[in-house]
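A.B. asks: Input: one structure, supplied below.
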Amino acid sequence: MKINQNVVYFFITFILIIFIIFIFSLHFLQNSAGLLLIRNFYGKICHQIGSRCFSFNDKPLLICARCTGIFGGMLILFFTLSIFKELRLKFDQINYKKISLFLLPLFIDWVLNFIFKIETTNFVRFLTGIIFSFVPVYFLNSLIINSKNQR
Amino acid sequence: MRKEKFLPALVAGFSLAVLSVVPIIQLATCCLLAPLAGIFGVNLYYFQMKKDPEFRLEKSDGFQIGLLIGVISGFFESIFQTLLIFVSKDNPVHDSIILMQQYLPNINIPEIINEISREIDEKRFSALLTFTLFFNASVVNSIFATIGALLGISNIKKRIKEPFS
């Protein structure tokens, strides 16, 4: 079965939008069972430490600033790739070793936070998360555009 | 499904389950643990199979290994979490309720959730909680391990410059 490439990009973008919307669950959901379920879902992928999450109206998001950056960055990048088709090929032509450099800021931030106990701000974590998001998007993009059963 | 996929998925899934219940590891790796397990599983599978001249790594391998890792890790993780609750004095359901009420003071907690909390306080075990833990861990780990496995396949293909299939 041939799948249109554009559909794949828009589908991933749509999933990421849903994912991002539900990290604001504490702001709009009033159903406690649903909230617990959603909180547990995000709790499986993120430590959810209150001080490391962005807060709006005194209610925290359900994932930390770094994860917000990673998934937010992925959403922005996939949305961009969905709209500008010519970027997909250009993005894929970058050497994968160069793309690995995008891991560096997050790694340095992580080492400072975790090993040396030097606290950086949530904004820095968010920013390093956004930079990191280039890596998964690069490899997923490569997988999508090089697939034989897609047109 | 090739039976050769089971062993790498078992190793990666079990490792993921063990690491998931260690708080410091969860704190350190955050959202990267399940995708890393997926990447690890695919690489194990590739190293196991690459001697076979007819072997070609495919996207479907990533999906299958990711799903297997998710289910296997969900199974072991629910057992480990249940054992941890059994031997500790913590009540994660009660903690979640308190946290929820802290942000939404007027929220009504359904009786079934209070019941699970009471059951843990009294017997240190709740079958419903164990099932929820299994279901939750299996679904979430399957999604993120599959993403990781696909990233792993893409990375291997880039490394060996093999055409995608």
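Residue numbering restarts at 1 for every chain of the structure tokens, chains are lettered A, B, ... in their displayed order, and ligands are numbered from 1 as they appear.
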Which neighbours of A:Phe107 fall inside 10 Å, counting only C-alpha atoms, when residues of the same chain fewer than 6 positions from it are skipped, and could you give them as a list in words?
C.D. replies: Asn113, Thr128, Gly129 and Phe132 of chain A
A.B. asks: Take the residues from that selection and write them out as an mmCIF file, in the first residue's frame, keeping C-alpha atoms.
C.D. replies:
data_model
loop_
_atom_site.group_PDB
_atom_site.id
_atom_site.type_symbol
_atom_site.label_atom_id
_atom_site.label_comp_id
_atom_site.auth_asym_id
_atom_site.auth_seq_id
_atom_site.Cartn_x
_atom_site.Cartn_y
_atom_site.Cartn_z
ATOM 1 C CA ASN A 113 22.587 19.829 36.240
ATOM 2 C CA THR A 128 18.548 22.832 24.760
ATOM 3 C CA GLY A 129 15.479 20.598 24.327
ATOM 4 C CA PHE A 132 18.010 18.422 20.610
#
A.B. asks: For A:Ile18, please output as a PyMOL selection string all residues within 12 Å (counting only C-alpha atoms; exclusion window: fewer than 6 positions along the same chain).
C.D. replies: chain A and resi 11-12+24-25+71-72+75
A.B. asks: Can those selected residues be exported to a file as a PDB file, in the first residue's frame so that it contains N, CA and C atoms?
C.D. replies:
ATOM      1  N   PHE A  11       0.210  13.824   9.615  1.00  0.00           N
ATOM      2  CA  PHE A  11      -0.258  12.940  10.686  1.00  0.00           C
ATOM      3  C   PHE A  11       0.642  13.083  11.928  1.00  0.00           C
ATOM      4  N   ILE A  12       1.956  13.057  11.697  1.00  0.00           N
ATOM      5  CA  ILE A  12       2.884  13.198  12.836  1.00  0.00           C
ATOM      6  C   ILE A  12       2.698  14.562  13.498  1.00  0.00           C
ATOM      7  N   PHE A  24      -1.300  20.536  28.912  1.00  0.00           N
ATOM      8  CA  PHE A  24      -1.996  21.613  29.628  1.00  0.00           C
ATOM      9  C   PHE A  24      -3.262  21.084  30.318  1.00  0.00           C
ATOM     10  N   SER A  25      -3.345  19.780  30.491  1.00  0.00           N
ATOM     11  CA  SER A  25      -4.576  19.165  31.022  1.00  0.00           C
ATOM     12  C   SER A  25      -5.058  19.785  32.331  1.00  0.00           C
ATOM     13  N   PHE A  71       9.575  18.138  22.571  1.00  0.00           N
ATOM     14  CA  PHE A  71       8.352  17.855  21.809  1.00  0.00           C
ATOM     15  C   PHE A  71       7.849  19.104  21.071  1.00  0.00           C
ATOM     16  N   GLY A  72       8.041  20.284  21.700  1.00  0.00           N
ATOM     17  CA  GLY A  72       7.673  21.528  21.019  1.00  0.00           C
ATOM     18  C   GLY A  72       8.519  21.723  19.769  1.00  0.00           C
ATOM     19  N   LEU A  75       7.430  19.434  17.077  1.00  0.00           N
ATOM     20  CA  LEU A  75       6.197  19.917  16.453  1.00  0.00           C
ATOM     21  C   LEU A  75       6.513  21.015  15.435  1.00  0.00           C
TER      22      LEU A  75
END
A.B. asks: How close does each residue of chain B get to chain A, giving the shortest atom pair and distance in Å to one decimal for every residue with an atom at most 7 Å away, counting only C-alpha atoms, sorted by chain and residue number, as CSV?
C.D. replies:
residue,atom,partner,partner_atom,distance
B:Gln26,CA,A:His47,CA,6.5
B:Leu27,CA,A:His47,CA,5.6
B:Cys30,CA,A:Cys46,CA,4.7
B:Cys31,CA,A:Ile45,CA,4.4
B:Tyr103,CA,A:Lys59,CA,6.2
B:Ile107,CA,A:Ser32,CA,6.5
B:Asn108,CA,A:Ser32,CA,6.5
B:Ile109,CA,A:Ser32,CA,5.8
B:Pro110,CA,A:Ala33,CA,6.9
B:Asn136,CA,A:Phe41,CA,6.5
B:Ala137,CA,A:Lys44,CA,6.9
B:Val140,CA,A:Phe41,CA,6.7
B:Leu151,CA,A:Phe139,CA,5.6
B:Ser154,CA,A:Phe139,CA,5.6
B:Asn155,CA,A:Phe139,CA,6.6
B:Phe164,CA,A:Asn146,CA,5.6
B:Ser165,CA,A:Ser147,CA,5.5
A.B. asks: Chain A: which residues are alpha helix (DSSP H) by DSSP, as a ChimeraX atom specification?
C.D. replies: /A:5-22,25-28,32-45,65-83,85-92,96-99,104-110,122-132,134-145
A.B. asks: Which residue is closest to B:Tyr45? Choose from B:Glu4, B:Asp121, B:Glu111, B:Glu58 and count only C-alpha atoms.
C.D. replies: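 Checking each candidate against B:Tyr45, we get B:Glu4 as the closest.
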A.B. asks: Residues within 8 Å of A:Arg125, please, as a ChimeraX atom specification. Count only C-alpha atoms; anything in the same chain fewer than 6 positions from it doesn't count.
C.D. replies: /A:65-66,69,106,109
A.B. asks: Please dump the current selection as a PDB file, in the first residue's frame; keep C-alpha atoms.
C.D. replies:
ATOM      1  CA  ALA A  65      10.814  22.269  30.486  1.00  0.00           C
ATOM      2  CA  ARG A  66      13.353  20.065  28.676  1.00  0.00           C
ATOM      3  CA  GLY A  69      11.392  21.867  24.390  1.00  0.00           C
ATOM      4  CA  LEU A 106      21.456  19.147  25.993  1.00  0.00           C
ATOM      5  CA  ASP A 109      23.188  21.129  30.306  1.00  0.00           C
TER       6      ASP A 109
END
A.B. asks: So that I can see what lies close to A:Ile83, please list as a PyMOL selection string the residues with an atom at most 12 Å from it, counting only C-alpha atoms and leaving out residues fewer than 5 positions away in the same chain.
C.D. replies: chain A and resi 5-7+9-10+13+76-78+88
A.B. asks: Looking at A:Leu61, A:Leu89, A:Ile99, A:Met74, which one is nearest to A:Ile17, with distances taken over only C-alpha atoms?
C.D. replies: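 Ranking A:Leu61, A:Leu89, A:Ile99, A:Met74 by distance to A:Ile17, first place goes to A:Met74.
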A.B. asks: So the first atom is atom CA of A:Asp92 and the second is atom CA of B:Lys5; what is the distance between them in Å, to one decimal place?
C.D. replies: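 Distance between the two atoms: 28.4 Å.
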A.B. asks: One number please: atom CA of B:Lys51 to atom CA of B:Ala145, in Å, one decimal.
C.D. replies: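 Pair atom CA of B:Lys51 / atom CA of B:Ala145 returns 25.0 Å.
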A.B. asks: Between atom CA of B:Leu67 and atom CA of A:Leu101, what is the distance in Å, rounded to a tenth?
C.D. replies: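 Atom-to-atom, atom CA of B:Leu67 and atom CA of A:Leu101 are spaced 29.4 Å apart.
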